[in-house]
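Enquirer: Here you go, this is target.txt (compact mmCIF, C-alpha atoms and all ligand atoms).
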# COMPACT_ATOMS: atom_id res chain seq x y z
CA MET M 1 0.00 0.00 0.00
CA ASN M 2 1.37 3.39 -0.99
CA PHE M 3 1.31 5.74 2.02
CA ASN M 4 3.24 8.43 0.12
CA GLU M 5 0.01 9.96 -1.12
CA LEU M 6 -0.96 10.79 2.45
CA THR M 7 0.07 14.19 3.79
CA GLY M 8 0.77 15.02 7.45
CA LYS M 9 2.95 12.74 9.56
CA VAL M 10 2.37 9.08 8.78
CA VAL M 11 3.22 6.38 11.32
CA THR M 12 3.21 2.75 10.19
CA PRO M 13 4.03 -0.53 11.96
CA SER M 14 7.62 -0.20 10.75
CA ASP M 15 8.07 2.96 12.87
CA LYS M 16 9.46 2.54 16.39
CA ALA M 17 6.80 4.80 17.88
CA TYR M 18 3.92 2.78 16.37
CA ALA M 19 3.83 0.39 19.36
CA VAL M 20 2.85 3.26 21.62
CA LEU M 21 0.95 5.50 19.26
CA ARG M 22 -1.50 2.77 18.31
CA LEU M 23 -2.66 2.66 21.96
CA GLU M 24 -5.77 4.34 23.30
CA TYR M 25 -6.27 5.85 26.76
CA ASN M 26 -7.92 2.57 27.74
CA LEU M 27 -4.94 0.22 27.53
CA ALA M 28 -7.27 -2.79 27.33
CA ILE M 29 -7.92 -1.84 23.67
CA ASN M 30 -5.51 -3.77 21.51
CA LYS M 31 -5.92 -2.81 17.85
CA PHE M 32 -3.46 -2.60 14.95
CA PRO M 33 -4.19 0.11 12.39
CA LEU M 34 -2.51 -0.03 8.97
CA ALA M 35 -1.24 3.47 9.70
CA ILE M 36 -1.90 6.55 11.76
CA VAL M 37 -1.85 9.86 9.96
CA TYR M 38 -1.23 12.89 12.18
CA CYS M 39 -2.93 15.75 10.34
CA TYR M 40 -1.74 19.34 10.65
CA ASN M 41 -4.65 20.92 8.75
CA SER M 42 -7.85 20.32 6.81
CA VAL M 43 -5.98 19.46 3.61
CA ASP M 44 -4.24 16.55 5.36
CA VAL M 45 -7.62 15.32 6.63
CA SER M 46 -9.17 15.66 3.18
CA ASN M 47 -6.30 13.77 1.55
CA ALA M 48 -6.62 11.00 4.13
CA ILE M 49 -10.33 10.56 3.40
CA LYS M 50 -9.68 10.45 -0.36
CA TRP M 51 -6.83 8.01 0.16
CA CYS M 52 -9.08 5.66 2.12
CA LYS M 53 -11.72 5.77 -0.61
CA LYS M 54 -9.16 5.07 -3.32
CA ASN M 55 -7.57 2.19 -1.42
CA ASP M 56 -10.80 0.83 0.06
CA VAL M 57 -9.52 1.24 3.62
CA LYS M 58 -11.81 1.91 6.57
CA ILE M 59 -11.41 5.19 8.47
CA ARG M 60 -11.22 5.81 12.20
CA ILE M 61 -11.04 9.35 13.57
CA ARG M 62 -9.11 10.09 16.74
CA ALA M 63 -8.90 13.19 18.91
CA GLY M 64 -8.18 12.51 22.60
CA GLY M 65 -8.38 8.71 22.26
CA HIS M 66 -10.56 8.40 25.40
CA ASN M 67 -13.45 6.43 23.93
CA TYR M 68 -14.05 3.62 26.43
CA GLU M 69 -14.38 0.96 23.71
CA GLY M 70 -11.66 2.22 21.40
CA TYR M 71 -13.94 3.49 18.62
CA SER M 72 -11.18 5.85 17.49
CA THR M 73 -8.95 3.01 16.32
CA GLY M 74 -9.21 -0.43 14.72
CA THR M 75 -7.30 -3.19 13.04
CA ASP M 76 -6.41 -2.66 9.34
CA VAL M 77 -7.86 0.85 9.34
CA LEU M 78 -6.36 4.29 8.76
CA VAL M 79 -6.50 6.38 11.93
CA ILE M 80 -6.94 10.07 11.14
CA ASP M 81 -5.46 11.70 14.24
CA THR M 82 -6.11 15.39 14.94
CA THR M 83 -3.74 15.73 17.93
CA TYR M 84 -1.75 18.50 16.20
CA MET M 85 -4.80 20.48 15.14
CA ASN M 86 -5.14 21.88 18.63
CA LYS M 87 -5.31 25.67 18.35
CA ILE M 88 -7.73 27.74 20.41
CA TYR M 89 -8.84 31.16 19.07
CA ILE M 90 -10.67 33.37 21.55
CA ASP M 91 -12.78 36.32 20.42
CA THR M 92 -13.27 38.44 23.54
CA LYS M 93 -15.50 40.95 21.71
CA SER M 94 -18.12 38.36 20.81
CA ASN M 95 -17.43 36.00 23.73
CA VAL M 96 -16.87 33.03 21.46
CA VAL M 97 -14.04 30.54 21.02
CA LYS M 98 -13.04 28.48 18.00
CA ILE M 99 -11.34 25.26 19.05
CA GLN M 100 -9.59 22.89 16.67
CA ALA M 101 -10.61 19.24 16.84
CA GLY M 102 -7.51 17.86 18.54
CA ALA M 103 -7.49 20.17 21.58
CA ARG M 104 -7.66 18.59 25.04
CA LEU M 105 -9.85 19.87 27.86
CA GLY M 106 -6.97 20.82 30.18
CA ASP M 107 -5.51 23.20 27.58
CA ILE M 108 -8.91 24.66 26.76
CA TYR M 109 -9.67 25.41 30.41
CA SER M 110 -6.25 27.02 30.99
CA LYS M 111 -6.32 29.17 27.88
CA LEU M 112 -9.86 30.42 28.51
CA ALA M 113 -9.14 31.13 32.18
CA GLU M 114 -6.41 33.56 31.11
CA HIS M 115 -9.22 35.68 29.63
CA GLY M 116 -11.68 35.25 32.53
CA TYR M 117 -13.85 32.61 30.90
CA ALA M 118 -15.09 29.29 32.19
CA PHE M 119 -15.51 26.36 29.85
CA ASN M 120 -18.57 24.18 30.18
CA GLY M 121 -16.59 20.95 29.75
CA GLY M 122 -15.85 17.60 31.39
CA THR M 123 -13.56 16.72 34.26
CA CYS M 124 -10.56 14.79 32.83
CA PRO M 125 -7.94 17.16 31.37
CA SER M 126 -6.73 14.73 28.69
CA VAL M 127 -10.17 14.04 27.17
CA GLY M 128 -10.42 15.45 23.62
CA ILE M 129 -12.95 18.15 22.80
CA SER M 130 -14.19 16.16 19.79
CA GLY M 131 -15.48 12.99 21.41
CA LEU M 132 -16.85 14.99 24.32
CA VAL M 133 -18.93 17.51 22.40
CA LEU M 134 -20.10 15.16 19.63
CA GLY M 135 -21.55 12.81 22.26
CA GLY M 136 -23.29 15.60 24.19
CA GLY M 137 -20.76 16.18 26.95
CA ILE M 138 -21.41 16.57 30.65
CA GLY M 139 -19.36 18.10 33.42
CA LEU M 140 -19.53 19.97 36.67
CA SER M 141 -21.23 22.97 35.07
CA CYS M 142 -23.82 21.07 33.03
CA ARG M 143 -26.86 21.56 35.27
CA ASN M 144 -26.09 25.29 35.22
CA PHE M 145 -25.19 25.82 31.54
CA GLY M 146 -26.48 22.68 29.77
CA LEU M 147 -24.55 20.06 27.84
CA VAL M 148 -21.21 20.96 26.30
CA THR M 149 -22.88 20.61 22.92
CA ASP M 150 -25.60 23.11 23.89
CA ASP M 151 -22.97 25.86 23.80
CA LEU M 152 -21.93 24.94 20.26
CA LEU M 153 -22.55 27.59 17.57
CA GLU M 154 -20.81 26.16 14.52
CA ILE M 155 -18.61 23.35 13.27
CA GLN M 156 -16.35 22.83 10.30
CA VAL M 157 -16.46 19.30 8.89
CA ILE M 158 -14.69 17.45 6.10
CA ASN M 159 -17.28 15.27 4.42
CA GLN M 160 -16.92 11.89 2.69
CA LYS M 161 -15.87 13.60 -0.57
CA GLY M 162 -13.05 15.38 1.21
CA ASN M 163 -14.74 18.79 1.01
CA ILE M 164 -14.77 21.32 3.85
CA ILE M 165 -18.25 22.33 4.92
CA THR M 166 -19.64 24.58 7.63
CA ALA M 167 -22.63 23.59 9.72
CA ASN M 168 -24.68 25.76 12.07
CA THR M 169 -28.37 26.40 12.69
CA HIS M 170 -28.73 28.11 9.26
CA THR M 171 -26.32 26.25 7.01
CA ASN M 172 -26.32 22.44 6.83
CA SER M 173 -28.57 22.59 9.87
CA GLN M 174 -29.46 18.89 9.85
CA LEU M 175 -25.81 17.92 9.97
CA PHE M 176 -25.35 20.41 12.82
CA TRP M 177 -28.33 18.87 14.63
CA ALA M 178 -26.86 15.37 14.24
CA CYS M 179 -23.40 16.35 15.42
CA ARG M 180 -24.78 17.63 18.71
CA GLY M 181 -25.15 14.45 20.69
CA ALA M 182 -25.26 11.48 18.28
CA GLY M 183 -21.66 10.51 19.06
CA GLY M 184 -18.40 11.02 17.21
CA GLY M 185 -17.14 9.29 14.10
CA ASN M 186 -20.46 9.27 12.26
CA PHE M 187 -20.84 12.25 9.94
CA GLY M 188 -17.41 13.28 8.68
CA VAL M 189 -14.25 14.56 10.34
CA VAL M 190 -14.96 17.69 12.34
CA THR M 191 -11.97 20.03 12.24
CA SER M 192 -13.19 22.86 14.50
CA TYR M 193 -15.91 23.84 16.94
CA THR M 194 -17.11 27.36 17.76
CA PHE M 195 -18.65 27.79 21.20
CA LYS M 196 -20.31 30.64 23.05
CA LEU M 197 -18.48 31.44 26.28
CA HIS M 198 -19.39 32.17 29.89
CA LYS M 199 -17.60 34.80 31.95
CA VAL M 200 -16.99 33.23 35.36
CA LYS M 201 -14.53 34.20 38.08
CA GLU M 202 -15.23 31.92 41.02
CA VAL M 203 -17.27 28.85 41.90
CA THR M 204 -17.75 26.85 45.07
CA LEU M 205 -15.74 23.65 44.76
CA ILE M 206 -17.20 20.62 46.53
CA GLN M 207 -14.98 17.65 47.35
CA LEU M 208 -16.59 15.37 49.92
CA ARG M 209 -15.41 11.93 51.03
CA TRP M 210 -16.95 9.32 53.34
CA ASN M 211 -16.02 5.81 54.39
CA ALA M 212 -18.02 2.97 52.85
CA SER M 213 -20.44 2.59 55.79
CA SER M 214 -22.88 5.17 54.36
CA ARG M 215 -23.09 3.85 50.79
CA GLU M 216 -26.72 2.77 50.93
CA LYS M 217 -27.86 5.96 52.67
CA PHE M 218 -25.79 8.02 50.26
CA PHE M 219 -27.32 6.46 47.16
CA TYR M 220 -30.86 6.79 48.50
CA LEU M 221 -30.26 10.40 49.44
CA TRP M 222 -28.66 11.13 46.05
CA GLN M 223 -31.70 10.10 44.02
CA ASN M 224 -34.15 12.01 46.23
CA TRP M 225 -31.92 15.06 46.43
CA LEU M 226 -31.74 15.41 42.64
CA LYS M 227 -35.52 15.75 42.31
CA THR M 228 -35.66 19.33 43.56
CA LEU M 229 -32.03 20.29 43.25
CA ASP M 230 -30.96 23.90 42.54
CA ARG M 231 -29.72 23.94 38.94
CA ARG M 232 -26.58 25.87 39.90
CA ILE M 233 -25.03 22.72 41.34
CA SER M 234 -23.64 19.73 39.37
CA CYS M 235 -21.95 16.73 40.97
CA PHE M 236 -20.13 13.56 39.98
CA ALA M 237 -20.18 11.01 42.79
CA GLY M 238 -19.52 7.34 43.35
CA PHE M 239 -18.27 4.57 45.56
CA GLY M 240 -16.13 1.47 45.61
CA LYS M 241 -15.54 -1.07 48.36
CA LYS M 242 -13.80 1.35 50.65
CA ASP M 243 -15.19 4.81 50.25
CA ILE M 244 -17.63 7.28 48.74
CA TYR M 245 -16.77 10.51 46.95
CA MET M 246 -18.60 13.52 45.61
CA ASN M 247 -17.05 16.25 43.45
CA GLY M 248 -19.08 19.23 42.36
CA PHE M 249 -19.25 22.88 41.37
CA PHE M 250 -21.81 25.28 42.74
CA TYR M 251 -22.39 28.60 41.00
CA GLY M 252 -23.06 30.45 44.25
CA THR M 253 -21.57 31.00 47.70
CA LYS M 254 -20.04 28.45 50.07
CA PHE M 255 -22.78 29.12 52.60
CA GLU M 256 -25.54 28.33 50.09
CA ALA M 257 -23.68 25.19 49.00
CA GLU M 258 -23.47 23.98 52.60
CA THR M 259 -27.20 24.47 52.98
CA ILE M 260 -27.93 22.54 49.77
CA LEU M 261 -25.61 19.74 50.90
CA LYS M 262 -26.66 19.66 54.56
CA ASP M 263 -28.09 16.10 54.50
CA PHE M 264 -24.90 14.76 52.90
CA LEU M 265 -22.78 16.56 55.49
CA LEU M 266 -24.70 14.71 58.24
CA LEU M 267 -23.99 11.24 56.81
CA PRO M 268 -21.77 9.14 59.08
CA GLY M 269 -18.16 8.63 58.04
CA LEU M 270 -17.53 12.07 56.49
CA SER M 271 -13.77 12.46 56.03
CA LYS M 272 -11.86 15.33 57.61
CA ASN M 273 -10.28 15.93 54.21
CA SER M 274 -13.63 16.95 52.73
CA LEU M 275 -13.88 20.54 51.56
CA ILE M 276 -16.35 23.12 50.33
CA LYS M 277 -14.48 26.19 49.17
CA TYR M 278 -15.10 29.29 47.06
CA VAL M 279 -12.19 29.37 44.60
CA PRO M 280 -11.23 30.73 41.16
CA PHE M 281 -12.91 28.62 38.46
CA ILE M 282 -9.62 27.29 37.09
CA GLU M 283 -8.51 26.17 40.56
CA ALA M 284 -11.73 24.17 40.92
CA VAL M 285 -11.20 22.56 37.49
CA GLN M 286 -7.62 21.64 38.29
CA ALA M 287 -8.48 20.23 41.72
CA VAL M 288 -10.94 17.79 40.16
CA GLY M 289 -8.73 17.12 37.11
CA SER M 290 -5.78 16.13 39.32
CA ILE M 291 -7.69 13.08 40.57
CA TYR M 292 -7.20 11.26 37.25
CA GLY M 293 -4.21 8.96 37.18
CA PRO M 294 -2.28 7.67 34.19
CA PRO M 295 -4.02 5.37 31.67
CA ASN M 296 -4.73 1.79 32.69
CA ARG M 297 -6.95 -1.07 31.55
CA PHE M 298 -10.65 -0.76 32.28
CA LYS M 299 -14.17 -1.68 31.28
CA SER M 300 -16.79 0.98 31.81
CA THR M 301 -20.41 1.27 30.89
CA GLY M 302 -23.51 3.04 32.13
CA ARG M 303 -27.20 3.78 31.87
CA PHE M 304 -29.35 6.91 31.95
CA VAL M 305 -31.65 6.76 34.97
CA TYR M 306 -35.25 7.98 34.74
CA LYS M 307 -36.90 6.14 37.64
CA ASP M 308 -36.13 5.75 41.33
CA LEU M 309 -34.24 2.65 42.35
CA SER M 310 -35.75 0.74 45.28
CA ARG M 311 -33.76 0.17 48.46
CA LYS M 312 -33.53 -3.50 47.42
CA ASN M 313 -31.94 -2.58 44.10
CA ILE M 314 -29.53 -0.15 45.74
CA LYS M 315 -28.46 -2.92 48.14
CA LYS M 316 -27.93 -5.27 45.20
CA ILE M 317 -25.74 -2.77 43.38
CA ILE M 318 -23.59 -2.36 46.48
CA GLN M 319 -23.37 -6.15 46.76
CA TYR M 320 -22.08 -6.39 43.17
CA VAL M 321 -19.30 -4.00 44.04
CA ASP M 322 -18.42 -5.91 47.20
CA LEU M 323 -18.40 -9.27 45.42
CA SER M 324 -16.09 -8.07 42.64
CA PRO M 325 -12.59 -9.58 42.59
CA GLY M 326 -9.68 -7.41 43.75
CA LYS M 327 -9.19 -5.11 46.70
CA ASP M 328 -10.92 -2.00 45.41
CA ASN M 329 -11.11 -1.77 41.62
CA CYS M 330 -14.82 -1.79 40.88
CA TYR M 331 -16.75 1.46 41.20
CA ILE M 332 -20.24 2.79 40.78
CA ARG M 333 -20.30 6.29 39.32
CA LEU M 334 -23.20 8.75 39.55
CA TYR M 335 -23.34 11.82 37.26
CA SER M 336 -26.02 14.42 37.95
CA LEU M 337 -28.17 15.54 35.01
CA GLY M 338 -31.36 17.62 34.86
CA GLY M 339 -31.26 21.38 35.46
CA ALA M 340 -30.41 23.31 32.27
CA ILE M 341 -30.02 20.04 30.28
CA SER M 342 -33.69 19.15 30.69
CA GLN M 343 -34.90 22.68 30.01
CA VAL M 344 -33.94 22.37 26.34
CA PRO M 345 -36.62 20.80 24.06
CA SER M 346 -35.85 17.18 23.19
CA ASN M 347 -35.79 17.89 19.42
CA TYR M 348 -33.17 20.64 19.85
CA SER M 349 -30.33 18.28 18.95
CA ALA M 350 -29.53 14.59 18.49
CA TYR M 351 -28.87 14.15 22.23
CA TYR M 352 -31.65 11.83 23.29
CA TYR M 353 -31.60 11.72 27.09
CA ARG M 354 -32.76 15.22 28.12
CA ASN M 355 -35.14 13.92 30.78
CA ALA M 356 -32.80 11.48 32.50
CA LYS M 357 -32.17 12.33 36.15
CA TYR M 358 -28.63 11.05 36.31
CA ILE M 359 -26.24 8.52 34.80
CA ILE M 360 -25.21 5.43 36.68
CA GLY M 361 -21.89 4.03 35.50
CA ILE M 362 -19.98 0.93 36.46
CA LEU M 363 -16.24 0.81 36.09
CA SER M 364 -13.79 -2.00 36.60
CA GLU M 365 -10.05 -1.47 36.41
CA TRP M 366 -7.37 -4.10 36.40
CA GLU M 367 -3.63 -4.61 36.14
CA LYS M 368 -2.85 -1.16 37.35
CA MET M 369 0.11 0.32 35.49
CA THR M 370 3.20 0.88 37.59
CA MET M 371 5.16 4.09 37.16
CA LYS M 372 7.76 2.02 35.29
CA ASP M 373 5.17 0.79 32.80
CA TYR M 374 3.85 4.27 32.39
CA THR M 375 7.27 5.65 31.60
CA ARG M 376 7.83 2.81 29.16
CA ILE M 377 4.72 3.68 27.18
CA GLY M 378 4.88 7.43 27.91
CA PHE M 379 2.77 9.10 25.26
CA GLN M 380 4.68 12.36 25.32
CA ARG M 381 7.98 10.62 24.81
CA SER M 382 6.62 8.81 21.79
CA LEU M 383 5.29 11.98 20.28
CA ASN M 384 8.74 13.47 20.80
CA MET M 385 10.22 10.48 18.97
CA LEU M 386 8.29 11.64 15.95
CA ASN M 387 9.90 15.09 16.15
CA LEU M 388 6.54 16.74 15.61
C1 LIG M 401 -10.95 9.29 32.18
C2 LIG M 401 -12.17 9.74 31.43
C3 LIG M 401 -12.92 10.82 31.92
C4 LIG M 401 -14.05 11.25 31.24
N1 LIG M 401 -14.77 12.30 31.75
C5 LIG M 401 -15.87 12.74 31.08
C6 LIG M 401 -16.63 13.86 31.54
O1 LIG M 401 -16.32 14.48 32.54
N2 LIG M 401 -17.73 14.22 30.81
C7 LIG M 401 -18.12 13.56 29.68
O2 LIG M 401 -19.11 13.94 29.07
N3 LIG M 401 -17.40 12.51 29.22
C8 LIG M 401 -16.32 12.09 29.89
N4 LIG M 401 -15.61 11.02 29.43
C9 LIG M 401 -16.09 10.34 28.22
C10 LIG M 401 -15.48 11.05 27.00
O3 LIG M 401 -16.07 12.31 26.83
C11 LIG M 401 -15.74 10.21 25.75
O4 LIG M 401 -15.10 8.98 25.88
C12 LIG M 401 -15.26 10.94 24.51
O5 LIG M 401 -15.76 10.25 23.38
C13 LIG M 401 -13.75 11.05 24.44
O6 LIG M 401 -13.38 11.93 23.42
P1 LIG M 401 -11.92 11.85 22.80
O7 LIG M 401 -11.86 12.83 21.69
O8 LIG M 401 -10.91 11.91 23.89
O9 LIG M 401 -11.92 10.35 22.27
P2 LIG M 401 -11.66 9.63 20.88
O10 LIG M 401 -11.55 8.20 21.26
O11 LIG M 401 -10.55 10.24 20.13
O12 LIG M 401 -13.01 9.91 20.07
C14 LIG M 401 -14.27 9.50 20.58
C15 LIG M 401 -15.24 9.30 19.41
O13 LIG M 401 -15.33 10.50 18.63
C16 LIG M 401 -14.88 10.28 17.30
N5 LIG M 401 -14.10 11.45 16.88
C17 LIG M 401 -12.91 11.86 17.41
N6 LIG M 401 -12.49 12.97 16.79
C18 LIG M 401 -13.43 13.27 15.85
C19 LIG M 401 -13.53 14.30 14.87
N7 LIG M 401 -12.60 15.23 14.75
N8 LIG M 401 -14.61 14.31 14.06
C20 LIG M 401 -15.57 13.34 14.16
N9 LIG M 401 -15.51 12.33 15.06
C21 LIG M 401 -14.45 12.29 15.90
C22 LIG M 401 -14.06 9.00 17.33
O14 LIG M 401 -14.02 8.35 16.10
C23 LIG M 401 -14.77 8.22 18.42
O15 LIG M 401 -15.90 7.57 17.88
C24 LIG M 401 -14.47 10.58 30.07
C25 LIG M 401 -13.72 9.49 29.58
C26 LIG M 401 -12.58 9.09 30.25
C27 LIG M 401 -11.80 7.93 29.72
Please lay out the structure from this file as structure tokens.
Expert:
Amino acid sequence: MNFNELTGKVVTPSDKAYAVLRLEYNLAINKFPLAIVYCYNSVDVSNAIKWCKKNDVKIRIRAGGHNYEGYSTGTDVLVIDTTYMNKIYIDTKSNVVKIQAGARLGDIYSKLAEHGYAFNGGTCPSVGISGLVLGGGIGLSCRNFGLVTDDLLEIQVINQKGNIITANTHTNSQLFWACRGAGGGNFGVVTSYTFKLHKVKEVTLIQLRWNASSREKFFYLWQNWLKTLDRRISCFAGFGKKDIYMNGFFYGTKFEAETILKDFLLLPGLSKNSLIKYVPFIEAVQAVGSIYGPPNRFKSTGRFVYKDLSRKNIKKIIQYVDLSPGKDNCYIRLYSLGGAISQVPSNYSAYYYRNAKYIIGILSEWEKMTMKDYTRIGFQRSLNMLNL
């Protein structure tokens, strides 16, 4: 196969760095693409699409590589990787930002904070903007501002013919509708996203921890609490065998947050390390982002929850966690929804779950990577090997 017709930086199995660059964030994904093409611009993307058509090769599109099931790679495919299309252009007059498809959340948050803006994004700094926004996107501001995709004003996409097209509510509006929540990898390669921005200085950061003794009470309280919850608060919570956590942002004062959380603060086993603190927005983002460790192997799935779970079902879920093998590597995750997300009509975009109350996720990790392993597969080092 002639890779010379591809433009950008092409990595094939004969390159040393291939062994690492073929990997996804979830190290349990073990796929072998024919090649990975690192695109620098839209022309490289367009050439890659045309090349795949000509050579009858399947395409996978990769931004941050965080898809749980590895949908951004495959065996015998061409991976179109947008890592180096990562520029962020802020227009402070119109309060909008244009973000190229390969940008990661951590960089977006930092860059916008320099200009006094929040970003309505997710929690893990290495997640790519593309997968996040194309799937809807939730985070610790979503009950206040809506889904990440609800802030989207326009996208630029390379279609199956290799042509650049713009989509917004006036032009190619059906494509724009579909790209807001139907999931990535379906309707062309998006090269940039334009979002409206929110000026935010401070938020109340919530980081609460308990020992495992209150898991049942916590879960029961969680589902009742959400029913009438102030939309200014969004929380991601969960538990394993040993403990319970809750991370959240509240767009209001510490005092108000403590009042809203009073029943949680009374649960037995609250850790002394818990905090509720009014801080600059970027500090809150970084505090939550720092919880994520290096990549490892995991299986994660979830469901949107519409109905209350009975006490019996809650007990069963806790039992599943306790019966899992390993010391503490199976977790239940709870992601608050509702608020601004449910105030948008359900036909507004392809995102289907506007009326869900929260997401319940289950995550299992195994074979934790040691620091030595991590260094061995260090992504940054491999990118350096390419001299990009
Ligand atoms: C540790 C971790 C934390 C997470 N935290 C959150 C969170 O807080 N909130 C949340 O909502 N989600 C979260 N997620 C889920 C995450 O948003 C999705 O997995 C998302 O799809 C990842 O996007 P990516 O660009 O990093 O992944 P990729 O694997 O690169 O892409 C994901 C999908 O989008 C497609 N795609 C990628 N780039 C493009 C493009 N340019 N054009 C068209 N399609 C494209 C891919 O083909 C694939 O199907 C988290 C995931 C992980 C692993």
Enquirer: Which residues of chain M come within 7 Å of ligand LIG 401 (chain M), and what is each one's closest atom pair and distance in Å (one decimal), counting only C-alpha atoms and all ligand atoms, sorted by chain and residue number, as JSON lines?
Expert:
{"residue": "M:Tyr25", "atom": "CA", "partner": "M:LIG401", "partner_atom": "C27", "distance": 6.6}
{"residue": "M:Asn26", "atom": "CA", "partner": "M:LIG401", "partner_atom": "C27", "distance": 6.9}
{"residue": "M:Arg60", "atom": "CA", "partner": "M:LIG401", "partner_atom": "O14", "distance": 5.4}
{"residue": "M:Ile61", "atom": "CA", "partner": "M:LIG401", "partner_atom": "O14", "distance": 4.0}
{"residue": "M:Arg62", "atom": "CA", "partner": "M:LIG401", "partner_atom": "O11", "distance": 3.7}
{"residue": "M:Ala63", "atom": "CA", "partner": "M:LIG401", "partner_atom": "O11", "distance": 3.6}
{"residue": "M:Gly64", "atom": "CA", "partner": "M:LIG401", "partner_atom": "O8", "distance": 3.1}
{"residue": "M:Gly65", "atom": "CA", "partner": "M:LIG401", "partner_atom": "O10", "distance": 3.4}
{"residue": "M:His66", "atom": "CA", "partner": "M:LIG401", "partner_atom": "O8", "distance": 3.8}
{"residue": "M:Asn67", "atom": "CA", "partner": "M:LIG401", "partner_atom": "O4", "distance": 3.6}
{"residue": "M:Tyr68", "atom": "CA", "partner": "M:LIG401", "partner_atom": "O4", "distance": 5.5}
{"residue": "M:Gly70", "atom": "CA", "partner": "M:LIG401", "partner_atom": "O10", "distance": 6.0}
{"residue": "M:Tyr71", "atom": "CA", "partner": "M:LIG401", "partner_atom": "O15", "distance": 4.6}
{"residue": "M:Ser72", "atom": "CA", "partner": "M:LIG401", "partner_atom": "O14", "distance": 4.0}
{"residue": "M:Thr82", "atom": "CA", "partner": "M:LIG401", "partner_atom": "N7", "distance": 6.5}
{"residue": "M:Ala101", "atom": "CA", "partner": "M:LIG401", "partner_atom": "N7", "distance": 4.9}
{"residue": "M:Gly102", "atom": "CA", "partner": "M:LIG401", "partner_atom": "N7", "distance": 6.9}
{"residue": "M:Gly121", "atom": "CA", "partner": "M:LIG401", "partner_atom": "N2", "distance": 6.9}
{"residue": "M:Gly122", "atom": "CA", "partner": "M:LIG401", "partner_atom": "O1", "distance": 3.4}
{"residue": "M:Thr123", "atom": "CA", "partner": "M:LIG401", "partner_atom": "O1", "distance": 3.9}
{"residue": "M:Cys124", "atom": "CA", "partner": "M:LIG401", "partner_atom": "C3", "distance": 4.7}
{"residue": "M:Ser126", "atom": "CA", "partner": "M:LIG401", "partner_atom": "O8", "distance": 7.0}
{"residue": "M:Val127", "atom": "CA", "partner": "M:LIG401", "partner_atom": "O8", "distance": 4.0}
{"residue": "M:Gly128", "atom": "CA", "partner": "M:LIG401", "partner_atom": "O7", "distance": 3.6}
{"residue": "M:Ile129", "atom": "CA", "partner": "M:LIG401", "partner_atom": "O7", "distance": 5.5}
{"residue": "M:Ser130", "atom": "CA", "partner": "M:LIG401", "partner_atom": "O7", "distance": 4.5}
{"residue": "M:Gly131", "atom": "CA", "partner": "M:LIG401", "partner_atom": "O6", "distance": 3.1}
{"residue": "M:Leu132", "atom": "CA", "partner": "M:LIG401", "partner_atom": "O3", "distance": 3.8}
{"residue": "M:Leu134", "atom": "CA", "partner": "M:LIG401", "partner_atom": "O13", "distance": 6.7}
{"residue": "M:Gly135", "atom": "CA", "partner": "M:LIG401", "partner_atom": "O5", "distance": 6.4}
{"residue": "M:Gly136", "atom": "CA", "partner": "M:LIG401", "partner_atom": "O2", "distance": 6.6}
{"residue": "M:Gly137", "atom": "CA", "partner": "M:LIG401", "partner_atom": "O2", "distance": 3.5}
{"residue": "M:Ile138", "atom": "CA", "partner": "M:LIG401", "partner_atom": "O2", "distance": 3.8}
{"residue": "M:Gly139", "atom": "CA", "partner": "M:LIG401", "partner_atom": "O1", "distance": 4.8}
{"residue": "M:Gly183", "atom": "CA", "partner": "M:LIG401", "partner_atom": "O13", "distance": 6.3}
{"residue": "M:Gly184", "atom": "CA", "partner": "M:LIG401", "partner_atom": "O13", "distance": 3.4}
{"residue": "M:Gly185", "atom": "CA", "partner": "M:LIG401", "partner_atom": "N9", "distance": 3.6}
{"residue": "M:Asn186", "atom": "CA", "partner": "M:LIG401", "partner_atom": "N9", "distance": 6.5}
{"residue": "M:Phe187", "atom": "CA", "partner": "M:LIG401", "partner_atom": "C20", "distance": 6.8}
{"residue": "M:Gly188", "atom": "CA", "partner": "M:LIG401", "partner_atom": "C20", "distance": 5.8}
{"residue": "M:Val189", "atom": "CA", "partner": "M:LIG401", "partner_atom": "N8", "distance": 3.7}
{"residue": "M:Val190", "atom": "CA", "partner": "M:LIG401", "partner_atom": "N8", "distance": 3.8}
{"residue": "M:Thr191", "atom": "CA", "partner": "M:LIG401", "partner_atom": "N7", "distance": 5.5}
{"residue": "M:Tyr292", "atom": "CA", "partner": "M:LIG401", "partner_atom": "C1", "distance": 6.6}
Enquirer: Counting all atoms listed in the file, which of M:Tyr40, M:Tyr193, M:Trp210, M:Tyr220 gets nearest to Gln100 of chain M?
Expert: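 For Gln100 of chain M, the nearest of the candidates is M:Tyr193.
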Enquirer: If I take atom CA of Leu78 of chain M and atom CA of Ile165 of chain M, how far is one from the other in Å, to one decimal?
Expert: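 Distance between the two atoms: 21.9 Å.
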Enquirer: Quick one: pull the distance between atom CA of Phe3 of chain M and atom CA of Asn30 of chain M, Å, one decimal.
Expert: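 Interatomic distance, atom CA of Phe3 of chain M to atom CA of Asn30 of chain M: 22.7 Å.
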Enquirer: (-27.2, 7.2, 41.8) in this file's frame - what residues fall within 10 Å of it? Use only C-alpha atoms and give the answer as a PyMOL selection string.
Expert: chain M and resi 218-224+226+236-238+305+308-309+314+332-336+357-361
Enquirer: Calculated over only C-alpha atoms, which of the candidates M:Asp328, M:Asp263, M:Glu283, M:Glu202 has the smallest distance to Lys242 of chain M?
Expert: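 Residue with the minimum atom-to-atom distance to Lys242 of chain M: M:Asp328.
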Enquirer: Find the distance between atom CA of Gly74 of chain M and atom CA of Val45 of chain M and write it in Å to one decimal.
Expert: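 A separation of 17.8 Å between them.
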